[in-house]
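Here the structure is laid out as structure tokens; the discussion comes afterwards.
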Amino acid sequence: MAARQRVADHLNAALCAALAADDRLYVLGQDITDPYGGAFKITRGLSTRFPRQVIGTPISEGGTVGLANGLALAGNRAIVEMMFADFVTLAFDQIVNFAAKSVSMYGRRAPMPILVRCPTGGHRGYGPTHSQSLQKHFLGVPDLDVYEISPFHDYGDLLDGALASGVPSVVFEDKVLYTGWRRPPGTADDLFSYHLIGSWPGTAVARIEEAPPDCVLITPGGVAERTLTAMRELFVRYEISCELYVPARLDPMDVEPILPAAARAGQVVVVEDGTSGGTWAADLAHRLHTALWGRLSRPVRVLCAADSVVPSAAHLEREVLVQAESISTAVLEGRS
Amino acid sequence: MLLIRHFEYALLDLFARGELHGTTHTCLGQEAVPVALRALLSPDDFVFSNHRGHGHYLARFDDPAGLLAEILGRVGAVSGGMGGSQHLRRGRYLSTGVQGESLPVAAGAALHVAHREPGRLACVYIGDGTWGEGAVYEALNMAALWRLPVLVVVEHNGIAQSTPTSAAMAGTIAGRAAAFGVAHHYVGTDDVPTIRQSLDEPVGRVRAGAGPLVVEFATQRIGPHSKGDDSRPPEELDRLRATDWYQRYRGPVFQRLDAEQRSRVAEVVRDVTARPPARPGTSSSLVVVEEEQWQRANA
Ligand SMILES: Cc1ncc(C[n+]2csc(CCOP(=O)(O)OP(=O)(O)O)c2C)c(N)n1
């Protein structure tokens, strides 16, 4: 079996392989060069190996994504690291108005192979401007794909596929995953196994092999870890078996592979860490209701972060963000 | 210059007749800028144009039919009718409608050029009002820092939509360029040969790797901002029109050339207005063939 690997090292290795495979690929961002190697060390060593391709930029989020757009127009590919996902709002114009629109607004499909990496989410005490999950602001934009990494998906595969598609993309990376472990192929842990289903980039399905699920949980990569904890507790304490679906691409999202299990289980909970209102989870819940109307025994539940900025103090932060306990509570409440 | 002039007159005429949908910003009065630059730019240079880009396009491609078809949404349109007046793409030419947005993009194209195609450059057209956008400064900073071959062409016509420069800009464009250590060149004439001569050497320096250059053209917009929306007092417009280059030329040669371009544009209008509506994916075949060649060269 392959040695255990931290998610951060996995990302670093995937970026390294991508740069080595394609000398037209650039990685741009603030403080990403050595010896610093990025605020979360994801780019460590890369500028030393690929000095022409890895470029440390000024504090200019919009300008840097613009730079990536120019490189893409000229036949290159570019990955931009936002230091924190919160700052991607500063590049919103370049992403939504330039990158995404350029794909189709000139009357024919034009590739715009850029990918914006966004270290997202809380649980670190970084406070309101460094902890928010902004995925929802990029949903429903024509020709813009939104991905989220997970411990179940291969990052190299994600980078290759996203850049090869020619559709610009925003990739959210929950910061708490960086220091955690990748889940080795097949086994999520001693209780749950997992496998990938559906078309590329695939949805990971984690389950207990022998137990038909009472509940289907759907969640992006960062929250998936907390969901697994909740699933363990629900099984051990209440003998409720849950099946977890973790899509790597949040938008556009392929719901087909989830439908049979969701219909069978009857209970479906969609969980995310974005603030409530106009969310990925709400949109997905609506799609599931529409597709499964008449076959669900109860409404699809949506569990989001509170309608609040993310506080700095640990106890306040916990109250706002989705926790394993809030997930198990939601499942238990949904059954009564 | 006469082609551009008559093209823009034709657009205002089509607008007056209710045949023009949406927005269109004519460059009446500013024709000398792209025409002077035509001789200084090669087809391998990137050009980023803006909302007032008809002159930029015509000076580069001499394709009034493709442009008019785009603006009117007819078959043979440069961007299949999807882009309209402000969103054209052909080879290394691209225009877009968000002010300032294309400066960082031009810096990116210039980074590509610096790495792979030394000697070429990325030229980006902006108005004086666009100096209000932060993107301009992020791009100038990066371009100067990395000595990227970016040529910023400023069409300083003294007004942005309805806001005079004096109400929107503290300091000067030269001062702002100086703050980034970026070379600045002022052009106070619309005499094409004089402009070309004065720019030959500075543009050569950009190509040779000296870093970005801001060329500020003193020019004037003698038409409306978009279609019929001029907010300036009639006296001021009269004053501007009195110094318009078009008024300066007389004599039989000018008369002949003027009549030629006028009838050429009239013919283009007749041709294009008789065409059926465009569908996306039906870009002018010229554009598609060029693009395929370019993509092959890039693969
Ligand atoms: C970001 C942005 N804000 C506002 C507009 C609307 N707009 C279009 S043209 C224009 C004026 C631009 O002025 P200037 O840069 O001086 O160019 P000019 O029109 O004078 O050629 C404005 C405000 C826009 N297109 N983009």
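Residues are named by chain letter and number: chains run A, B, ... in the order of the structure tokens, numbers start at 1 in each chain, and ligands are numbered from 1 in the order shown.
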How would you write, as a PDB file with all heavy atoms, in the first residue's frame, the set of residues no farther than 8 Å from ligand 1 when counting only C-alpha atoms and all ligand atoms?
```pdb
ATOM      1  N   HIS B  25     -20.252  52.955 -29.561  1.00  0.00           N
ATOM      2  CA  HIS B  25     -19.470  54.150 -29.251  1.00  0.00           C
ATOM      3  C   HIS B  25     -18.606  54.473 -30.454  1.00  0.00           C
ATOM      4  O   HIS B  25     -17.658  53.755 -30.746  1.00  0.00           O
ATOM      5  CB  HIS B  25     -18.582  53.904 -28.040  1.00  0.00           C
ATOM      6  CG  HIS B  25     -19.308  53.333 -26.855  1.00  0.00           C
ATOM      7  ND1 HIS B  25     -19.532  51.989 -26.693  1.00  0.00           N
ATOM      8  CD2 HIS B  25     -19.851  53.940 -25.765  1.00  0.00           C
ATOM      9  CE1 HIS B  25     -20.185  51.785 -25.551  1.00  0.00           C
ATOM     10  NE2 HIS B  25     -20.389  52.947 -24.970  1.00  0.00           N
ATOM     11  N   CYS B  27     -15.850  56.570 -32.753  1.00  0.00           N
ATOM     12  CA  CYS B  27     -14.569  57.202 -32.428  1.00  0.00           C
ATOM     13  C   CYS B  27     -14.337  58.446 -33.283  1.00  0.00           C
ATOM     14  O   CYS B  27     -13.196  58.811 -33.554  1.00  0.00           O
ATOM     15  CB  CYS B  27     -13.433  56.203 -32.588  1.00  0.00           C
ATOM     16  SG  CYS B  27     -13.188  55.656 -34.281  1.00  0.00           S
ATOM     17  N   HIS B  51     -14.326  49.727 -25.544  1.00  0.00           N
ATOM     18  CA  HIS B  51     -15.680  50.018 -26.018  1.00  0.00           C
ATOM     19  C   HIS B  51     -15.693  50.925 -27.243  1.00  0.00           C
ATOM     20  O   HIS B  51     -16.636  50.920 -28.000  1.00  0.00           O
ATOM     21  CB  HIS B  51     -16.460  50.684 -24.880  1.00  0.00           C
ATOM     22  CG  HIS B  51     -15.844  52.001 -24.473  1.00  0.00           C
ATOM     23  ND1 HIS B  51     -14.610  52.075 -23.862  1.00  0.00           N
ATOM     24  CD2 HIS B  51     -16.276  53.279 -24.628  1.00  0.00           C
ATOM     25  CE1 HIS B  51     -14.323  53.349 -23.643  1.00  0.00           C
ATOM     26  NE2 HIS B  51     -15.314  54.095 -24.094  1.00  0.00           N
ATOM     27  N   ARG B  52     -14.640  51.743 -27.384  1.00  0.00           N
ATOM     28  CA  ARG B  52     -14.624  52.681 -28.518  1.00  0.00           C
ATOM     29  C   ARG B  52     -13.656  52.144 -29.560  1.00  0.00           C
ATOM     30  O   ARG B  52     -12.679  52.793 -29.910  1.00  0.00           O
ATOM     31  CB  ARG B  52     -14.204  54.075 -28.014  1.00  0.00           C
ATOM     32  CG  ARG B  52     -14.676  55.221 -28.891  1.00  0.00           C
ATOM     33  CD  ARG B  52     -14.360  56.581 -28.285  1.00  0.00           C
ATOM     34  NE  ARG B  52     -15.035  56.825 -27.027  1.00  0.00           N
ATOM     35  CZ  ARG B  52     -16.348  57.027 -26.901  1.00  0.00           C
ATOM     36  NH1 ARG B  52     -17.115  57.045 -27.972  1.00  0.00           N
ATOM     37  NH2 ARG B  52     -16.882  57.209 -25.714  1.00  0.00           N
ATOM     38  N   GLY B  97     -15.682  45.084 -22.933  1.00  0.00           N
ATOM     39  CA  GLY B  97     -16.418  46.286 -22.534  1.00  0.00           C
ATOM     40  C   GLY B  97     -16.285  46.708 -21.089  1.00  0.00           C
ATOM     41  O   GLY B  97     -17.027  47.569 -20.642  1.00  0.00           O
ATOM     42  N   VAL B  98     -15.373  46.119 -20.344  1.00  0.00           N
ATOM     43  CA  VAL B  98     -15.204  46.533 -18.946  1.00  0.00           C
ATOM     44  C   VAL B  98     -13.946  47.386 -18.851  1.00  0.00           C
ATOM     45  O   VAL B  98     -12.846  46.932 -19.174  1.00  0.00           O
ATOM     46  CB  VAL B  98     -15.107  45.310 -18.001  1.00  0.00           C
ATOM     47  CG1 VAL B  98     -14.947  45.770 -16.558  1.00  0.00           C
ATOM     48  CG2 VAL B  98     -16.338  44.431 -18.142  1.00  0.00           C
ATOM     49  N   GLN B  99     -14.114  48.611 -18.410  1.00  0.00           N
ATOM     50  CA  GLN B  99     -12.987  49.552 -18.410  1.00  0.00           C
ATOM     51  C   GLN B  99     -11.834  49.067 -17.539  1.00  0.00           C
ATOM     52  O   GLN B  99     -12.040  48.690 -16.384  1.00  0.00           O
ATOM     53  CB  GLN B  99     -13.431  50.932 -17.903  1.00  0.00           C
ATOM     54  CG  GLN B  99     -14.511  51.577 -18.723  1.00  0.00           C
ATOM     55  CD  GLN B  99     -14.169  51.663 -20.184  1.00  0.00           C
ATOM     56  OE1 GLN B  99     -13.006  51.776 -20.559  1.00  0.00           O
ATOM     57  NE2 GLN B  99     -15.178  51.589 -21.027  1.00  0.00           N
ATOM     58  N   GLY B 100     -10.645  49.089 -18.082  1.00  0.00           N
ATOM     59  CA  GLY B 100      -9.438  48.780 -17.311  1.00  0.00           C
ATOM     60  C   GLY B 100      -9.127  47.298 -17.223  1.00  0.00           C
ATOM     61  O   GLY B 100      -7.985  46.918 -16.969  1.00  0.00           O
ATOM     62  N   GLU B 101     -10.130  46.476 -17.440  1.00  0.00           N
ATOM     63  CA  GLU B 101      -9.980  45.031 -17.268  1.00  0.00           C
ATOM     64  C   GLU B 101      -8.878  44.448 -18.139  1.00  0.00           C
ATOM     65  O   GLU B 101      -8.215  43.482 -17.767  1.00  0.00           O
ATOM     66  CB  GLU B 101     -11.314  44.381 -17.637  1.00  0.00           C
ATOM     67  CG  GLU B 101     -11.403  42.910 -17.479  1.00  0.00           C
ATOM     68  CD  GLU B 101     -12.759  42.399 -17.995  1.00  0.00           C
ATOM     69  OE1 GLU B 101     -13.024  42.532 -19.208  1.00  0.00           O
ATOM     70  OE2 GLU B 101     -13.540  41.902 -17.181  1.00  0.00           O
ATOM     71  N   ILE B 126      -6.766  52.554 -23.905  1.00  0.00           N
ATOM     72  CA  ILE B 126      -7.704  52.978 -22.855  1.00  0.00           C
ATOM     73  C   ILE B 126      -7.997  54.469 -22.978  1.00  0.00           C
ATOM     74  O   ILE B 126      -7.215  55.219 -23.572  1.00  0.00           O
ATOM     75  CB  ILE B 126      -7.196  52.689 -21.417  1.00  0.00           C
ATOM     76  CG1 ILE B 126      -5.873  53.401 -21.119  1.00  0.00           C
ATOM     77  CG2 ILE B 126      -7.056  51.203 -21.171  1.00  0.00           C
ATOM     78  CD1 ILE B 126      -5.474  53.341 -19.644  1.00  0.00           C
ATOM     79  N   GLY B 127      -9.101  54.872 -22.370  1.00  0.00           N
ATOM     80  CA  GLY B 127      -9.431  56.299 -22.337  1.00  0.00           C
ATOM     81  C   GLY B 127      -8.901  56.936 -21.065  1.00  0.00           C
ATOM     82  O   GLY B 127      -8.458  56.239 -20.145  1.00  0.00           O
ATOM     83  N   ASP B 128      -8.987  58.253 -21.001  1.00  0.00           N
ATOM     84  CA  ASP B 128      -8.508  58.947 -19.800  1.00  0.00           C
ATOM     85  C   ASP B 128      -9.337  58.574 -18.577  1.00  0.00           C
ATOM     86  O   ASP B 128      -8.821  58.430 -17.468  1.00  0.00           O
ATOM     87  CB  ASP B 128      -8.532  60.468 -20.006  1.00  0.00           C
ATOM     88  CG  ASP B 128      -9.829  60.936 -20.646  1.00  0.00           C
ATOM     89  OD1 ASP B 128      -9.931  60.859 -21.887  1.00  0.00           O
ATOM     90  OD2 ASP B 128     -10.736  61.340 -19.905  1.00  0.00           O
ATOM     91  N   GLY B 129     -10.650  58.370 -18.771  1.00  0.00           N
ATOM     92  CA  GLY B 129     -11.518  58.039 -17.641  1.00  0.00           C
ATOM     93  C   GLY B 129     -11.158  56.712 -16.991  1.00  0.00           C
ATOM     94  O   GLY B 129     -11.377  56.510 -15.791  1.00  0.00           O
ATOM     95  N   THR B 130     -10.589  55.807 -17.781  1.00  0.00           N
ATOM     96  CA  THR B 130     -10.266  54.470 -17.300  1.00  0.00           C
ATOM     97  C   THR B 130      -9.126  54.491 -16.280  1.00  0.00           C
ATOM     98  O   THR B 130      -8.894  53.511 -15.569  1.00  0.00           O
ATOM     99  CB  THR B 130      -9.968  53.576 -18.522  1.00  0.00           C
ATOM    100  OG1 THR B 130     -11.169  53.548 -19.302  1.00  0.00           O
ATOM    101  CG2 THR B 130      -9.585  52.174 -18.169  1.00  0.00           C
ATOM    102  N   TRP B 131      -8.445  55.625 -16.171  1.00  0.00           N
ATOM    103  CA  TRP B 131      -7.403  55.759 -15.142  1.00  0.00           C
ATOM    104  C   TRP B 131      -7.982  55.816 -13.744  1.00  0.00           C
ATOM    105  O   TRP B 131      -7.279  55.884 -12.749  1.00  0.00           O
ATOM    106  CB  TRP B 131      -6.507  56.969 -15.420  1.00  0.00           C
ATOM    107  CG  TRP B 131      -5.614  56.729 -16.599  1.00  0.00           C
ATOM    108  CD1 TRP B 131      -5.970  56.835 -17.909  1.00  0.00           C
ATOM    109  CD2 TRP B 131      -4.249  56.286 -16.576  1.00  0.00           C
ATOM    110  NE1 TRP B 131      -4.902  56.477 -18.707  1.00  0.00           N
ATOM    111  CE2 TRP B 131      -3.834  56.143 -17.913  1.00  0.00           C
ATOM    112  CE3 TRP B 131      -3.343  55.987 -15.559  1.00  0.00           C
ATOM    113  CZ2 TRP B 131      -2.554  55.721 -18.266  1.00  0.00           C
ATOM    114  CZ3 TRP B 131      -2.059  55.577 -15.909  1.00  0.00           C
ATOM    115  CH2 TRP B 131      -1.674  55.449 -17.250  1.00  0.00           C
ATOM    116  N   GLU B 133      -9.678  53.261 -12.681  1.00  0.00           N
ATOM    117  CA  GLU B 133      -9.772  51.841 -12.299  1.00  0.00           C
ATOM    118  C   GLU B 133      -8.480  51.318 -11.673  1.00  0.00           C
ATOM    119  O   GLU B 133      -7.386  51.524 -12.217  1.00  0.00           O
ATOM    120  CB  GLU B 133     -10.084  50.977 -13.536  1.00  0.00           C
ATOM    121  CG  GLU B 133     -11.500  51.110 -14.037  1.00  0.00           C
ATOM    122  CD  GLU B 133     -12.547  50.514 -13.086  1.00  0.00           C
ATOM    123  OE1 GLU B 133     -12.176  49.804 -12.137  1.00  0.00           O
ATOM    124  OE2 GLU B 133     -13.734  50.799 -13.313  1.00  0.00           O
ATOM    125  N   GLU B 155      -6.165  57.306 -25.136  1.00  0.00           N
ATOM    126  CA  GLU B 155      -6.884  58.267 -25.977  1.00  0.00           C
ATOM    127  C   GLU B 155      -7.502  59.295 -25.038  1.00  0.00           C
ATOM    128  O   GLU B 155      -8.595  59.097 -24.508  1.00  0.00           O
ATOM    129  CB  GLU B 155      -7.923  57.535 -26.825  1.00  0.00           C
ATOM    130  CG  GLU B 155      -7.245  56.598 -27.813  1.00  0.00           C
ATOM    131  CD  GLU B 155      -8.219  55.724 -28.594  1.00  0.00           C
ATOM    132  OE1 GLU B 155      -8.976  54.980 -27.969  1.00  0.00           O
ATOM    133  OE2 GLU B 155      -8.204  55.796 -29.832  1.00  0.00           O
ATOM    134  N   HIS B 156      -6.747  60.340 -24.825  1.00  0.00           N
ATOM    135  CA  HIS B 156      -7.184  61.363 -23.861  1.00  0.00           C
ATOM    136  C   HIS B 156      -8.061  62.381 -24.573  1.00  0.00           C
ATOM    137  O   HIS B 156      -7.569  63.349 -25.158  1.00  0.00           O
ATOM    138  CB  HIS B 156      -5.961  62.036 -23.232  1.00  0.00           C
ATOM    139  CG  HIS B 156      -6.320  62.893 -22.061  1.00  0.00           C
ATOM    140  ND1 HIS B 156      -5.418  63.316 -21.134  1.00  0.00           N
ATOM    141  CD2 HIS B 156      -7.506  63.407 -21.656  1.00  0.00           C
ATOM    142  CE1 HIS B 156      -6.028  64.048 -20.223  1.00  0.00           C
ATOM    143  NE2 HIS B 156      -7.290  64.116 -20.533  1.00  0.00           N
ATOM    144  N   ASN B 157      -9.370  62.138 -24.500  1.00  0.00           N
ATOM    145  CA  ASN B 157     -10.295  63.042 -25.199  1.00  0.00           C
ATOM    146  C   ASN B 157     -10.978  63.995 -24.215  1.00  0.00           C
ATOM    147  O   ASN B 157     -11.929  64.682 -24.562  1.00  0.00           O
ATOM    148  CB  ASN B 157     -11.327  62.234 -26.000  1.00  0.00           C
ATOM    149  CG  ASN B 157     -12.108  61.264 -25.113  1.00  0.00           C
ATOM    150  OD1 ASN B 157     -12.115  61.400 -23.889  1.00  0.00           O
ATOM    151  ND2 ASN B 157     -12.757  60.296 -25.732  1.00  0.00           N
ATOM    152  N   GLY B 158     -10.509  63.989 -22.979  1.00  0.00           N
ATOM    153  CA  GLY B 158     -10.984  64.996 -22.032  1.00  0.00           C
ATOM    154  C   GLY B 158     -12.313  64.701 -21.389  1.00  0.00           C
ATOM    155  O   GLY B 158     -12.791  65.473 -20.554  1.00  0.00           O
ATOM    156  N   ILE B 159     -12.907  63.575 -21.752  1.00  0.00           N
ATOM    157  CA  ILE B 159     -14.226  63.287 -21.190  1.00  0.00           C
ATOM    158  C   ILE B 159     -14.424  61.774 -21.107  1.00  0.00           C
ATOM    159  O   ILE B 159     -13.907  61.024 -21.943  1.00  0.00           O
ATOM    160  CB  ILE B 159     -15.339  63.957 -22.028  1.00  0.00           C
ATOM    161  CG1 ILE B 159     -16.700  63.833 -21.326  1.00  0.00           C
ATOM    162  CG2 ILE B 159     -15.381  63.419 -23.446  1.00  0.00           C
ATOM    163  CD1 ILE B 159     -17.748  64.803 -21.850  1.00  0.00           C
ATOM    164  N   ALA B 160     -15.163  61.356 -20.086  1.00  0.00           N
ATOM    165  CA  ALA B 160     -15.534  59.953 -19.943  1.00  0.00           C
ATOM    166  C   ALA B 160     -17.053  59.905 -19.814  1.00  0.00           C
ATOM    167  O   ALA B 160     -17.591  60.344 -18.804  1.00  0.00           O
ATOM    168  CB  ALA B 160     -14.877  59.345 -18.711  1.00  0.00           C
ATOM    169  N   GLN B 161     -17.698  59.441 -20.832  1.00  0.00           N
ATOM    170  CA  GLN B 161     -19.161  59.422 -20.907  1.00  0.00           C
ATOM    171  C   GLN B 161     -19.698  60.848 -20.759  1.00  0.00           C
ATOM    172  O   GLN B 161     -19.885  61.538 -21.749  1.00  0.00           O
ATOM    173  CB  GLN B 161     -19.742  58.462 -19.871  1.00  0.00           C
ATOM    174  CG  GLN B 161     -21.170  58.087 -20.164  1.00  0.00           C
ATOM    175  CD  GLN B 161     -21.529  56.655 -19.794  1.00  0.00           C
ATOM    176  OE1 GLN B 161     -20.676  55.795 -19.614  1.00  0.00           O
ATOM    177  NE2 GLN B 161     -22.804  56.359 -19.723  1.00  0.00           N
ATOM    178  N   SER B 162     -19.947  61.318 -19.518  1.00  0.00           N
ATOM    179  CA  SER B 162     -20.368  62.713 -19.371  1.00  0.00           C
ATOM    180  C   SER B 162     -19.466  63.457 -18.387  1.00  0.00           C
ATOM    181  O   SER B 162     -19.688  64.623 -18.095  1.00  0.00           O
ATOM    182  CB  SER B 162     -21.816  62.766 -18.861  1.00  0.00           C
ATOM    183  OG  SER B 162     -21.850  62.365 -17.506  1.00  0.00           O
ATOM    184  N   THR B 165     -12.513  65.033 -17.591  1.00  0.00           N
ATOM    185  CA  THR B 165     -11.343  64.494 -16.899  1.00  0.00           C
ATOM    186  C   THR B 165     -11.070  65.277 -15.614  1.00  0.00           C
ATOM    187  O   THR B 165     -10.704  64.699 -14.587  1.00  0.00           O
ATOM    188  CB  THR B 165     -10.103  64.573 -17.803  1.00  0.00           C
ATOM    189  OG1 THR B 165     -10.479  64.099 -19.090  1.00  0.00           O
ATOM    190  CG2 THR B 165      -8.969  63.719 -17.274  1.00  0.00           C
ATOM    191  N   ARG B 221     -13.152  63.770 -28.900  1.00  0.00           N
ATOM    192  CA  ARG B 221     -14.330  63.003 -29.320  1.00  0.00           C
ATOM    193  C   ARG B 221     -15.339  64.008 -29.834  1.00  0.00           C
ATOM    194  O   ARG B 221     -15.882  64.795 -29.049  1.00  0.00           O
ATOM    195  CB  ARG B 221     -14.875  62.255 -28.092  1.00  0.00           C
ATOM    196  CG  ARG B 221     -15.976  61.266 -28.397  1.00  0.00           C
ATOM    197  CD  ARG B 221     -16.620  60.777 -27.110  1.00  0.00           C
ATOM    198  NE  ARG B 221     -17.780  61.590 -26.788  1.00  0.00           N
ATOM    199  CZ  ARG B 221     -18.309  61.722 -25.580  1.00  0.00           C
ATOM    200  NH1 ARG B 221     -17.759  61.136 -24.541  1.00  0.00           N
ATOM    201  NH2 ARG B 221     -19.376  62.460 -25.388  1.00  0.00           N
ATOM    202  N   HIS B 225     -21.153  60.115 -26.801  1.00  0.00           N
ATOM    203  CA  HIS B 225     -20.499  59.006 -26.100  1.00  0.00           C
ATOM    204  C   HIS B 225     -20.948  57.693 -26.727  1.00  0.00           C
ATOM    205  O   HIS B 225     -20.157  56.905 -27.202  1.00  0.00           O
ATOM    206  CB  HIS B 225     -20.849  59.037 -24.612  1.00  0.00           C
ATOM    207  CG  HIS B 225     -20.476  57.766 -23.902  1.00  0.00           C
ATOM    208  ND1 HIS B 225     -19.167  57.396 -23.724  1.00  0.00           N
ATOM    209  CD2 HIS B 225     -21.244  56.769 -23.383  1.00  0.00           C
ATOM    210  CE1 HIS B 225     -19.146  56.214 -23.107  1.00  0.00           C
ATOM    211  NE2 HIS B 225     -20.378  55.821 -22.904  1.00  0.00           N
TER     212      HIS B 225
END
```
Under the rule of at most 8 Å, produce a per-residue listing of chain A near chain B: chain, number, name, the closest pair of atoms, and the distance in Å, as JSON lines, using only C-alpha atoms.
```
{"residue": "A:Thr57", "atom": "CA", "partner": "B:Met142", "partner_atom": "CA", "distance": 7.8}
{"residue": "A:Pro58", "atom": "CA", "partner": "B:Met142", "partner_atom": "CA", "distance": 7.4}
{"residue": "A:Ser60", "atom": "CA", "partner": "B:Glu138", "partner_atom": "CA", "distance": 6.0}
{"residue": "A:Gly62", "atom": "CA", "partner": "B:Ala135", "partner_atom": "CA", "distance": 6.9}
{"residue": "A:Gly63", "atom": "CA", "partner": "B:Pro104", "partner_atom": "CA", "distance": 5.1}
{"residue": "A:Thr64", "atom": "CA", "partner": "B:Pro104", "partner_atom": "CA", "distance": 7.2}
{"residue": "A:Val65", "atom": "CA", "partner": "B:Pro104", "partner_atom": "CA", "distance": 7.9}
{"residue": "A:Gly66", "atom": "CA", "partner": "B:Val105", "partner_atom": "CA", "distance": 4.5}
{"residue": "A:Leu67", "atom": "CA", "partner": "B:Gly108", "partner_atom": "CA", "distance": 3.8}
{"residue": "A:Ala68", "atom": "CA", "partner": "B:Gly108", "partner_atom": "CA", "distance": 6.0}
{"residue": "A:Asn69", "atom": "CA", "partner": "B:Val105", "partner_atom": "CA", "distance": 5.6}
{"residue": "A:Gly70", "atom": "CA", "partner": "B:Gly108", "partner_atom": "CA", "distance": 4.0}
{"residue": "A:Leu71", "atom": "CA", "partner": "B:Gly108", "partner_atom": "CA", "distance": 4.9}
{"residue": "A:Leu73", "atom": "CA", "partner": "B:Ala109", "partner_atom": "CA", "distance": 7.1}
{"residue": "A:Ala74", "atom": "CA", "partner": "B:Ala109", "partner_atom": "CA", "distance": 5.9}
{"residue": "A:Gly75", "atom": "CA", "partner": "B:Asn298", "partner_atom": "CA", "distance": 6.2}
{"residue": "A:Asn76", "atom": "CA", "partner": "B:His112", "partner_atom": "CA", "distance": 7.8}
{"residue": "A:Asp93", "atom": "CA", "partner": "B:Glu101", "partner_atom": "CA", "distance": 7.7}
{"residue": "A:Gln94", "atom": "CA", "partner": "B:Glu101", "partner_atom": "CA", "distance": 7.0}
{"residue": "A:Asn97", "atom": "CA", "partner": "B:Val98", "partner_atom": "CA", "distance": 7.9}
{"residue": "A:Phe98", "atom": "CA", "partner": "B:Glu101", "partner_atom": "CA", "distance": 7.7}
{"residue": "A:Met105", "atom": "CA", "partner": "B:Met82", "partner_atom": "CA", "distance": 5.6}
{"residue": "A:Tyr106", "atom": "CA", "partner": "B:Ser79", "partner_atom": "CA", "distance": 4.4}
{"residue": "A:Gly107", "atom": "CA", "partner": "B:Ser79", "partner_atom": "CA", "distance": 4.4}
{"residue": "A:Arg108", "atom": "CA", "partner": "B:Gly281", "partner_atom": "CA", "distance": 4.9}
```
What would the file look like if the residues just selected were written as an mmCIF file, in the first residue's frame with C-alpha atoms?
```cif
data_model
loop_
_atom_site.group_PDB
_atom_site.id
_atom_site.type_symbol
_atom_site.label_atom_id
_atom_site.label_comp_id
_atom_site.auth_asym_id
_atom_site.auth_seq_id
_atom_site.Cartn_x
_atom_site.Cartn_y
_atom_site.Cartn_z
ATOM 1 C CA THR A 57 3.144 38.377 -7.742
ATOM 2 C CA PRO A 58 2.411 41.627 -5.926
ATOM 3 C CA SER A 60 -2.905 42.231 -6.792
ATOM 4 C CA GLY A 62 -7.440 40.963 -9.888
ATOM 5 C CA GLY A 63 -4.236 41.807 -11.702
ATOM 6 C CA THR A 64 -2.873 38.322 -11.183
ATOM 7 C CA VAL A 65 -5.951 36.596 -12.559
ATOM 8 C CA GLY A 66 -5.798 39.094 -15.422
ATOM 9 C CA LEU A 67 -2.227 38.010 -16.021
ATOM 10 C CA ALA A 68 -3.405 34.400 -16.108
ATOM 11 C CA ASN A 69 -6.102 35.376 -18.586
ATOM 12 C CA GLY A 70 -3.536 37.003 -20.861
ATOM 13 C CA LEU A 71 -1.312 33.945 -20.685
ATOM 14 C CA LEU A 73 -5.238 33.891 -24.506
ATOM 15 C CA ALA A 74 -1.716 33.495 -25.816
ATOM 16 C CA GLY A 75 -1.915 29.708 -25.713
ATOM 17 C CA ASN A 76 -0.638 28.952 -22.205
ATOM 18 C CA ASP A 93 -14.248 40.770 -12.534
ATOM 19 C CA GLN A 94 -11.385 38.916 -14.182
ATOM 20 C CA ASN A 97 -16.416 39.040 -16.803
ATOM 21 C CA PHE A 98 -13.231 38.129 -18.576
ATOM 22 C CA MET A 105 -18.795 35.871 -26.200
ATOM 23 C CA TYR A 106 -16.761 36.011 -29.363
ATOM 24 C CA GLY A 107 -19.278 33.785 -31.097
ATOM 25 C CA ARG A 108 -17.272 30.568 -31.038
#
```
Contacts of range 211-226 of chain A at 7 Å (only C-alpha atoms; same-chain gap of 4+ positions) as a tab-separated table (two decimals) with C-alpha atoms, in the first residue's frame:
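Contents of result_27.tsv, freshly written:
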```
chain	number	residue	atom	x	y	z
A	148	GLU	CA	-13.78	21.58	-4.36
A	149	ILE	CA	-10.98	19.25	-3.37
A	150	SER	CA	-11.58	16.34	-1.03
A	151	PRO	CA	-9.42	13.71	0.62
A	174	ASP	CA	-10.71	23.68	2.69
A	177	LEU	CA	-7.73	19.44	4.88
A	230	ALA	CA	-21.08	12.37	12.28
A	240	ILE	CA	-28.36	4.70	11.65
A	241	SER	CA	-26.37	4.01	8.52
A	242	CYS	CA	-25.56	6.89	6.22
A	243	GLU	CA	-24.07	7.10	2.78
A	244	LEU	CA	-21.88	10.09	1.95
A	245	TYR	CA	-21.62	11.65	-1.52
A	246	VAL	CA	-18.76	14.04	-2.17
A	247	PRO	CA	-18.73	15.59	-5.65
A	262	ALA	CA	-31.44	9.32	-2.49
A	265	ALA	CA	-32.99	6.21	1.47
A	266	GLY	CA	-35.84	8.70	1.58
A	267	GLN	CA	-33.87	10.97	3.89
A	268	VAL	CA	-31.41	13.34	2.27
A	269	VAL	CA	-29.31	16.04	3.93
A	270	VAL	CA	-27.12	18.46	1.98
A	271	VAL	CA	-24.37	20.03	4.05
A	272	GLU	CA	-22.04	22.94	3.29
A	273	ASP	CA	-20.04	25.59	5.11
A	323	GLN	CA	-19.89	20.88	13.08
A	324	ALA	CA	-20.04	17.09	13.17
```
